[in-house]
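Text of input_29.json (JSON, C-alpha atoms) as supplied:
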```json
[["chain", "number", "residue", "atom", "x", "y", "z"],
["A", 30, "MET", "CA", 11.44, 15.55, 13.43],
["A", 31, "LYS", "CA", 7.89, 16.77, 12.83],
["A", 32, "TYR", "CA", 8.50, 17.36, 9.11],
["A", 33, "ALA", "CA", 10.34, 14.05, 8.78],
["A", 34, "LYS", "CA", 7.42, 12.23, 10.39],
["A", 35, "TRP", "CA", 4.86, 13.78, 8.03],
["A", 36, "THR", "CA", 7.12, 13.15, 5.03],
["A", 37, "VAL", "CA", 7.36, 9.45, 5.89],
["A", 38, "LEU", "CA", 3.60, 9.20, 6.49],
["A", 39, "THR", "CA", 2.90, 10.97, 3.18],
["A", 40, "LEU", "CA", 5.20, 8.58, 1.30],
["A", 41, "ILE", "CA", 3.51, 5.56, 2.91],
["A", 42, "ALA", "CA", 0.07, 6.93, 2.02],
["A", 43, "LEU", "CA", 1.14, 7.52, -1.60],
["A", 44, "ILE", "CA", 2.56, 4.00, -1.87],
["A", 45, "VAL", "CA", -0.63, 2.45, -0.46],
["A", 46, "PHE", "CA", -2.82, 4.60, -2.72],
["A", 47, "GLY", "CA", -0.71, 3.71, -5.77],
["A", 48, "PHE", "CA", -0.86, 0.01, -4.94],
["A", 49, "PHE", "CA", -4.65, -0.04, -4.66],
["A", 50, "HIS", "CA", -5.13, 2.22, -7.69],
["A", 51, "TYR", "CA", -3.01, -0.09, -9.83],
["A", 52, "THR", "CA", -4.45, -3.36, -8.51],
["A", 53, "LEU", "CA", -8.17, -2.75, -8.04],
["A", 54, "PRO", "CA", -10.52, -2.95, -11.05],
["A", 55, "GLN", "CA", -11.32, 0.20, -13.00],
["A", 56, "HIS", "CA", -14.06, 0.77, -15.55],
["A", 57, "ASP", "CA", -13.94, 2.66, -18.85],
["A", 58, "ILE", "CA", -16.74, 3.19, -21.36],
["A", 59, "VAL", "CA", -15.06, 3.00, -24.75],
["A", 60, "ARG", "CA", -15.58, 2.14, -28.42],
["A", 61, "VAL", "CA", -13.44, -0.70, -29.75],
["A", 62, "VAL", "CA", -11.75, 0.20, -33.03],
["A", 63, "ASN", "CA", -9.20, -2.59, -33.50],
["A", 64, "THR", "CA", -7.52, -5.65, -32.00],
["A", 65, "TYR", "CA", -4.06, -6.96, -32.81],
["A", 66, "GLN", "CA", -1.16, -9.06, -31.55],
["A", 67, "GLU", "CA", 2.42, -7.87, -31.13],
["A", 68, "ARG", "CA", 5.66, -9.33, -29.80],
["A", 69, "GLN", "CA", 6.91, -7.50, -26.71],
["A", 70, "ASP", "CA", 10.40, -7.47, -25.20],
["A", 71, "LEU", "CA", 10.48, -8.36, -21.50],
["A", 72, "ASN", "CA", 14.19, -8.00, -20.79],
["A", 73, "ASP", "CA", 14.28, -4.83, -18.67],
["A", 74, "TRP", "CA", 12.78, -3.52, -15.42],
["A", 75, "THR", "CA", 9.47, -2.63, -17.13],
["A", 76, "ARG", "CA", 8.73, -6.37, -17.00],
["A", 77, "ILE", "CA", 6.88, -5.64, -13.75],
["A", 78, "PHE", "CA", 4.05, -4.09, -15.82],
["A", 79, "TRP", "CA", 3.41, -7.36, -17.70],
["A", 80, "ALA", "CA", 1.50, -10.35, -16.40],
["A", 81, "LYS", "CA", 3.12, -13.61, -15.28],
["A", 82, "PRO", "CA", 0.47, -16.17, -16.18],
["A", 83, "ASP", "CA", 2.73, -19.22, -15.68],
["A", 84, "ASP", "CA", 6.16, -20.20, -14.38],
["A", 85, "GLN", "CA", 7.65, -20.46, -17.88],
["A", 86, "SER", "CA", 6.85, -16.82, -18.64],
["A", 87, "THR", "CA", 9.33, -15.62, -16.03],
["A", 88, "GLY", "CA", 12.24, -16.91, -18.11],
["A", 89, "LEU", "CA", 11.13, -15.46, -21.46],
["A", 90, "ILE", "CA", 12.75, -12.31, -22.85],
["A", 91, "ASN", "CA", 9.85, -11.68, -25.26],
["A", 92, "ARG", "CA", 6.41, -13.04, -26.07],
["A", 93, "ASP", "CA", 3.33, -12.30, -28.15],
["A", 94, "VAL", "CA", 0.76, -10.08, -26.43],
["A", 95, "GLN", "CA", -2.74, -9.29, -27.62],
["A", 96, "PHE", "CA", -3.98, -5.69, -27.57],
["A", 97, "ILE", "CA", -7.33, -3.93, -27.78],
["A", 98, "GLN", "CA", -7.44, -0.44, -29.31],
["A", 99, "THR", "CA", -10.31, 1.78, -28.18],
["A", 100, "VAL", "CA", -11.51, 5.36, -28.21],
["A", 101, "LYS", "CA", -13.24, 7.08, -25.32],
["A", 102, "ALA", "CA", -16.30, 9.31, -25.63],
["A", 103, "ASN", "CA", -14.10, 12.42, -25.51],
["A", 104, "GLY", "CA", -12.09, 11.14, -28.47],
["A", 105, "LYS", "CA", -9.03, 10.16, -26.45],
["A", 106, "PRO", "CA", -7.46, 6.86, -27.55],
["A", 107, "MET", "CA", -6.81, 4.10, -25.02],
["A", 108, "VAL", "CA", -4.94, 0.86, -25.65],
["A", 109, "TYR", "CA", -5.30, -2.18, -23.39],
["A", 110, "ARG", "CA", -3.28, -5.37, -23.28],
["A", 111, "ASN", "CA", -5.10, -8.67, -23.02],
["A", 112, "GLU", "CA", -3.10, -11.15, -20.93],
["A", 113, "ASP", "CA", -4.00, -14.05, -18.66],
["A", 114, "THR", "CA", -3.09, -13.46, -15.03],
["A", 115, "GLY", "CA", -3.35, -17.14, -14.10],
["A", 116, "TRP", "CA", -2.70, -17.76, -10.43],
["A", 117, "SER", "CA", -0.26, -14.85, -10.08],
["A", 118, "TRP", "CA", -0.77, -11.33, -8.72],
["A", 119, "PRO", "CA", -3.12, -9.53, -8.92],
["A", 120, "PRO", "CA", -5.56, -12.35, -8.15],
["A", 121, "TYR", "CA", -8.03, -11.96, -11.01],
["A", 122, "PHE", "CA", -7.58, -15.63, -12.03],
["A", 123, "LYS", "CA", -8.00, -14.67, -15.67],
["A", 124, "PHE", "CA", -7.67, -17.57, -18.11],
["A", 125, "ASP", "CA", -10.00, -16.43, -20.92],
["A", 126, "THR", "CA", -7.72, -14.17, -22.99],
["A", 127, "ALA", "CA", -8.80, -15.79, -26.28],
["A", 128, "ASN", "CA", -12.51, -15.38, -25.46],
["A", 129, "LEU", "CA", -12.05, -11.75, -24.42],
["A", 130, "GLN", "CA", -10.13, -11.00, -27.62],
["A", 131, "THR", "CA", -12.98, -12.53, -29.63],
["A", 132, "GLU", "CA", -15.57, -10.43, -27.78],
["A", 133, "ALA", "CA", -13.52, -7.29, -28.39],
["A", 134, "GLU", "CA", -13.18, -8.16, -32.09],
["A", 135, "ASP", "CA", -16.94, -8.62, -32.30],
["A", 136, "ALA", "CA", -17.57, -5.26, -30.58],
["A", 137, "LYS", "CA", -15.62, -3.17, -33.11],
["A", 138, "SER", "CA", -17.49, -0.17, -34.46],
["A", 139, "THR", "CA", -16.95, 3.11, -36.27],
["A", 140, "SER", "CA", -17.52, 6.71, -35.22],
["A", 141, "ALA", "CA", -20.44, 6.88, -37.65],
["A", 142, "ALA", "CA", -22.20, 3.94, -35.95],
["A", 143, "PRO", "CA", -20.62, 3.66, -32.49],
["A", 144, "GLU", "CA", -21.18, 0.72, -30.17],
["A", 145, "TRP", "CA", -20.12, 1.43, -26.60],
["A", 146, "VAL", "CA", -18.78, -1.16, -24.21],
["A", 147, "LEU", "CA", -17.77, -1.22, -20.56],
["A", 148, "LEU", "CA", -14.19, -2.41, -20.37],
["A", 149, "THR", "CA", -13.00, -3.52, -16.92],
["A", 150, "HIS", "CA", -9.25, -3.45, -16.38],
["A", 151, "TYR", "CA", -6.46, -2.95, -13.89],
["A", 152, "GLY", "CA", -3.12, -1.18, -14.24],
["A", 153, "TRP", "CA", -1.91, 2.09, -15.76],
["A", 154, "ARG", "CA", -1.33, 3.45, -19.24],
["A", 155, "ILE", "CA", 2.16, 5.00, -19.19],
["A", 156, "GLU", "CA", 3.23, 5.82, -22.72],
["A", 157, "TYR", "CA", 6.90, 6.52, -21.94],
["A", 158, "LEU", "CA", 7.26, 3.10, -20.26],
["A", 159, "SER", "CA", 5.08, 1.22, -22.77],
["A", 160, "SER", "CA", 2.79, 0.23, -19.89],
["A", 161, "PHE", "CA", -0.75, -0.83, -20.76],
["A", 162, "PRO", "CA", -3.70, -1.64, -18.46],
["A", 163, "ASN", "CA", -4.76, -5.28, -18.63],
["A", 164, "ALA", "CA", -8.33, -5.86, -19.82],
["A", 165, "ILE", "CA", -10.35, -8.19, -17.58],
["A", 166, "ALA", "CA", -13.88, -8.12, -18.98],
["A", 167, "ILE", "CA", -15.95, -6.43, -21.65],
["A", 168, "LYS", "CA", -19.70, -5.99, -22.03],
["A", 169, "PRO", "CA", -21.95, -3.71, -24.08],
["A", 170, "VAL", "CA", -23.64, -0.65, -22.57],
["A", 171, "GLU", "CA", -26.38, 1.63, -23.87],
["A", 172, "GLY", "CA", -24.15, 4.65, -24.39],
["A", 173, "PRO", "CA", -21.13, 6.67, -23.24],
["A", 174, "ASP", "CA", -23.14, 8.20, -20.37],
["A", 175, "ALA", "CA", -24.12, 4.89, -18.77],
["A", 176, "THR", "CA", -23.93, 4.93, -14.96],
["A", 177, "ILE", "CA", -21.30, 2.58, -13.55],
["A", 178, "ILE", "CA", -21.19, 1.78, -9.83],
["A", 179, "PRO", "CA", -17.90, 0.14, -8.72],
["A", 180, "TRP", "CA", -19.53, -2.35, -6.35],
["A", 181, "PHE", "CA", -16.41, -4.45, -5.89],
["A", 182, "ASN", "CA", -14.28, -1.48, -4.85],
["A", 183, "ILE", "CA", -17.00, -0.27, -2.48],
["A", 184, "PHE", "CA", -17.33, -3.66, -0.79],
["A", 185, "PHE", "CA", -13.55, -4.05, -0.70],
["A", 186, "PHE", "CA", -12.93, -0.78, 1.11],
["A", 187, "VAL", "CA", -15.83, -1.40, 3.50],
["A", 188, "PHE", "CA", -14.37, -4.83, 4.28],
["A", 189, "LEU", "CA", -10.88, -3.34, 4.65],
["A", 190, "GLY", "CA", -12.24, -0.69, 7.02],
["A", 191, "VAL", "CA", -13.95, -3.33, 9.17],
["A", 192, "VAL", "CA", -10.74, -5.39, 9.30],
["A", 193, "LEU", "CA", -8.68, -2.34, 10.30],
["A", 194, "LEU", "CA", -11.18, -1.44, 13.02],
["A", 195, "MET", "CA", -11.05, -5.02, 14.35],
["A", 196, "LEU", "CA", -7.24, -4.99, 14.32],
["A", 197, "ARG", "CA", -7.22, -1.65, 16.13],
["A", 198, "ARG", "CA", -9.65, -2.99, 18.74],
["A", 199, "MET", "CA", -7.53, -6.12, 19.21],
["A", 200, "TRP", "CA", -4.40, -3.98, 19.57],
["A", 201, "LEU", "CA", -6.05, -1.72, 22.16],
["A", 202, "GLN", "CA", -7.20, -4.75, 24.16],
["A", 203, "PHE", "CA", -3.75, -6.34, 23.96],
["A", 204, "ARG", "CA", -2.14, -3.08, 25.03],
["A", 205, "GLU", "CA", -4.58, -2.66, 27.91],
["A", 206, "ARG", "CA", -4.10, -6.23, 29.16],
["A", 207, "SER", "CA", -0.40, -6.76, 28.51],
["A", 208, "ILE", "CA", 1.63, -3.69, 27.66],
["A", 209, "ASP", "CA", 0.10, -1.09, 29.99],
["A", 210, "PRO", "CA", 0.47, -3.26, 33.15],
["A", 211, "MET", "CA", 4.06, -4.03, 32.18],
["A", 212, "LEU", "CA", 4.81, -0.34, 31.66],
["A", 213, "ALA", "CA", 3.14, 0.43, 35.00],
["A", 214, "ASP", "CA", 5.36, -2.16, 36.72],
["A", 215, "VAL", "CA", 8.45, -0.72, 35.07],
["A", 216, "GLU", "CA", 7.46, 2.80, 36.08],
["A", 217, "GLU", "CA", 6.79, 1.65, 39.65],
["A", 218, "ALA", "CA", 10.14, -0.13, 39.79],
["A", 219, "TRP", "CA", 11.89, 2.94, 38.43],
["A", 220, "ASP", "CA", 10.18, 5.17, 40.99],
["A", 221, "SER", "CA", 11.30, 2.76, 43.72],
["A", 222, "VAL", "CA", 14.87, 2.87, 42.46],
["A", 223, "ASP", "CA", 14.73, 6.65, 42.25],
["A", 224, "GLN", "CA", 13.34, 6.86, 45.79],
["A", 225, "ARG", "CA", 16.10, 4.61, 47.12],
["A", 226, "ALA", "CA", 18.66, 6.71, 45.30],
["A", 227, "ASP", "CA", 17.28, 9.86, 46.92],
["A", 228, "GLU", "CA", 17.35, 8.21, 50.35],
["A", 229, "ALA", "CA", 20.93, 7.08, 49.78],
["A", 230, "ALA", "CA", 21.88, 10.60, 48.71],
["A", 231, "ASP", "CA", 20.26, 12.03, 51.87],
["A", 232, "ARG", "CA", 22.17, 9.57, 54.05],
["A", 233, "ALA", "CA", 25.37, 10.41, 52.23],
["A", 234, "ARG", "CA", 24.78, 14.12, 52.82],
["A", 235, "GLY", "CA", 24.08, 13.43, 56.49],
["A", 236, "LEU", "CA", 27.25, 11.41, 56.89],
["A", 237, "TRP", "CA", 29.25, 14.06, 55.09],
["A", 238, "GLY", "CA", 27.77, 16.76, 57.31],
["A", 239, "ARG", "CA", 28.65, 14.81, 60.48],
["A", 240, "PHE", "CA", 32.11, 14.13, 59.12],
["A", 241, "ARG", "CA", 32.66, 17.83, 58.46],
["A", 242, "GLY", "CA", 31.39, 18.61, 61.92],
["A", 243, "TRP", "CA", 33.83, 16.11, 63.43],
["A", 244, "LEU", "CA", 36.65, 17.72, 61.45],
["A", 245, "GLY", "CA", 35.60, 21.07, 62.84],
["A", 246, "THR", "CA", 36.24, 19.88, 66.38],
["A", 247, "TRP", "CA", 39.93, 19.53, 65.52],
["A", 248, "LYS", "CA", 40.26, 23.17, 64.65],
["A", 249, "GLY", "CA", 41.82, 25.43, 67.24],
["A", 250, "LYS", "CA", 39.67, 27.95, 68.99],
["A", 251, "PRO", "CA", 40.28, 31.54, 67.90],
["A", 252, "ARG", "CA", 42.50, 33.58, 70.23],
["A", 253, "ARG", "CA", 41.20, 36.72, 71.83]]
```
Show me, as structure tokens, the structure contained in the file I just sent.
Amino acid sequence: MKYAKWTVLTLIALIVFGFFHYTLPQHDIVRVVNTYQERQDLNDWTRIFWAKPDDQSTGLINRDVQFIQTVKANGKPMVYRNEDTGWSWPPYFKFDTANLQTEAEDAKSTSAAPEWVLLTHYGWRIEYLSSFPNAIAIKPVEGPDATIIPWFNIFFFVFLGVVLLMLRRMWLQFRERSIDPMLADVEEAWDSVDQRADEAADRARGLWGRFRGWLGTWKGKPRR
């Protein structure tokens, strides 16, 4: 049971970590090398990795998606999709895909004369599943070593911690005021039932002893 408990808790922790890691904004310092548009098929389970900007998109089996090709400072390529999120999840309320694509096109540079940008995105790059992170914003930075502080993520986790502490405090108060007294009453009632059962057992033993004694009076006295 101990190993099963820790296995379940580990799985829950991994699911929660994966959810936040996929959903919360991430920041990459990259160099834009190209932008393009490509038609993508959306007719299998990998559809979950694509945005749903409107109700009509849920019924499409394919659609045109814009992409931004970049290179990181270490030379590793990274490709981002550029899709509106609309009012769907995650709640980035992104409606400026065309503007972002134009900014990315304007930020293109070469390795000989690099121009570095901070590209904010969410999601994962999984090559085997053709999954691309979705670009949210882009802005120029001085260089590949620019310091980036994820203020939103910091405030989010601080807020989440405060909410969890408040929920824990509310639960402890509710337990102290409602559940603990009820459990105490149940325990007291059970002790009372147990005590009555013991008393009944003692009376039964006493009656049985007197009955055996009465039966003993019917036995004949031993002859000498």
List the neighbours of A:Thr149 out to 9 Å using all atoms listed in the file; skip same-chain residues closer than 2 positions along the sequence, and give me the result as a list in words.
Pro54, Gln55, His56, Asp57, Ile58, Leu147, Tyr151, Asn163, Ala164, Ile165, Ala166, Ile167 and Lys168 of chain A
Now that the selection is made, can you save its residues with C-alpha atoms as a JSON list (two decimals), keeping the file's coordinate frame?
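Here's the written file again-v9.json:
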```
[["chain", "number", "residue", "atom", "x", "y", "z"],
["A", 54, "PRO", "CA", -10.52, -2.95, -11.05],
["A", 55, "GLN", "CA", -11.32, 0.20, -13.00],
["A", 56, "HIS", "CA", -14.06, 0.77, -15.55],
["A", 57, "ASP", "CA", -13.94, 2.66, -18.85],
["A", 58, "ILE", "CA", -16.74, 3.19, -21.36],
["A", 147, "LEU", "CA", -17.77, -1.22, -20.56],
["A", 151, "TYR", "CA", -6.46, -2.95, -13.89],
["A", 163, "ASN", "CA", -4.76, -5.28, -18.63],
["A", 164, "ALA", "CA", -8.33, -5.86, -19.82],
["A", 165, "ILE", "CA", -10.35, -8.19, -17.58],
["A", 166, "ALA", "CA", -13.88, -8.12, -18.98],
["A", 167, "ILE", "CA", -15.95, -6.43, -21.65],
["A", 168, "LYS", "CA", -19.70, -5.99, -22.03]]
```
If we count all atoms listed in the file and set the cut-off at 12 Å, which residues sit around A:Trp118, ignoring sequence neighbours fewer than 5 positions away in its own chain? Please answer as number ranges by chain.
A: 48, 51-53, 77-83, 113, 123, 151-152
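The gap separating atom CA of A:Glu134 from atom CA of A:Asn111 is 12.2 Å, in Å to one decimal.
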Mind checking which residues fall within 9 Å of A:Val100, counting only C-alpha atoms, ignoring those fewer than 2 positions away in the same chain, and posting them as a list of chain:residue names?
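Skipping anything fewer than 2 positions along the chain leaves A:Ile58, A:Val59, A:Arg60, A:Val61, A:Val62, A:Gln98, A:Ala102, A:Asn103, A:Gly104, A:Lys105, A:Pro106, A:Met107, A:Val108.
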Gap from atom CA of A:Gln66 to atom CA of A:Asp93 - Å, one decimal
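Taking atom CA of A:Gln66 and atom CA of A:Asp93, their separation equals 6.5 Å.
The two atoms in question, atom CA of A:Gln69 and atom CA of A:Pro169, are spaced 29.2 Å apart.
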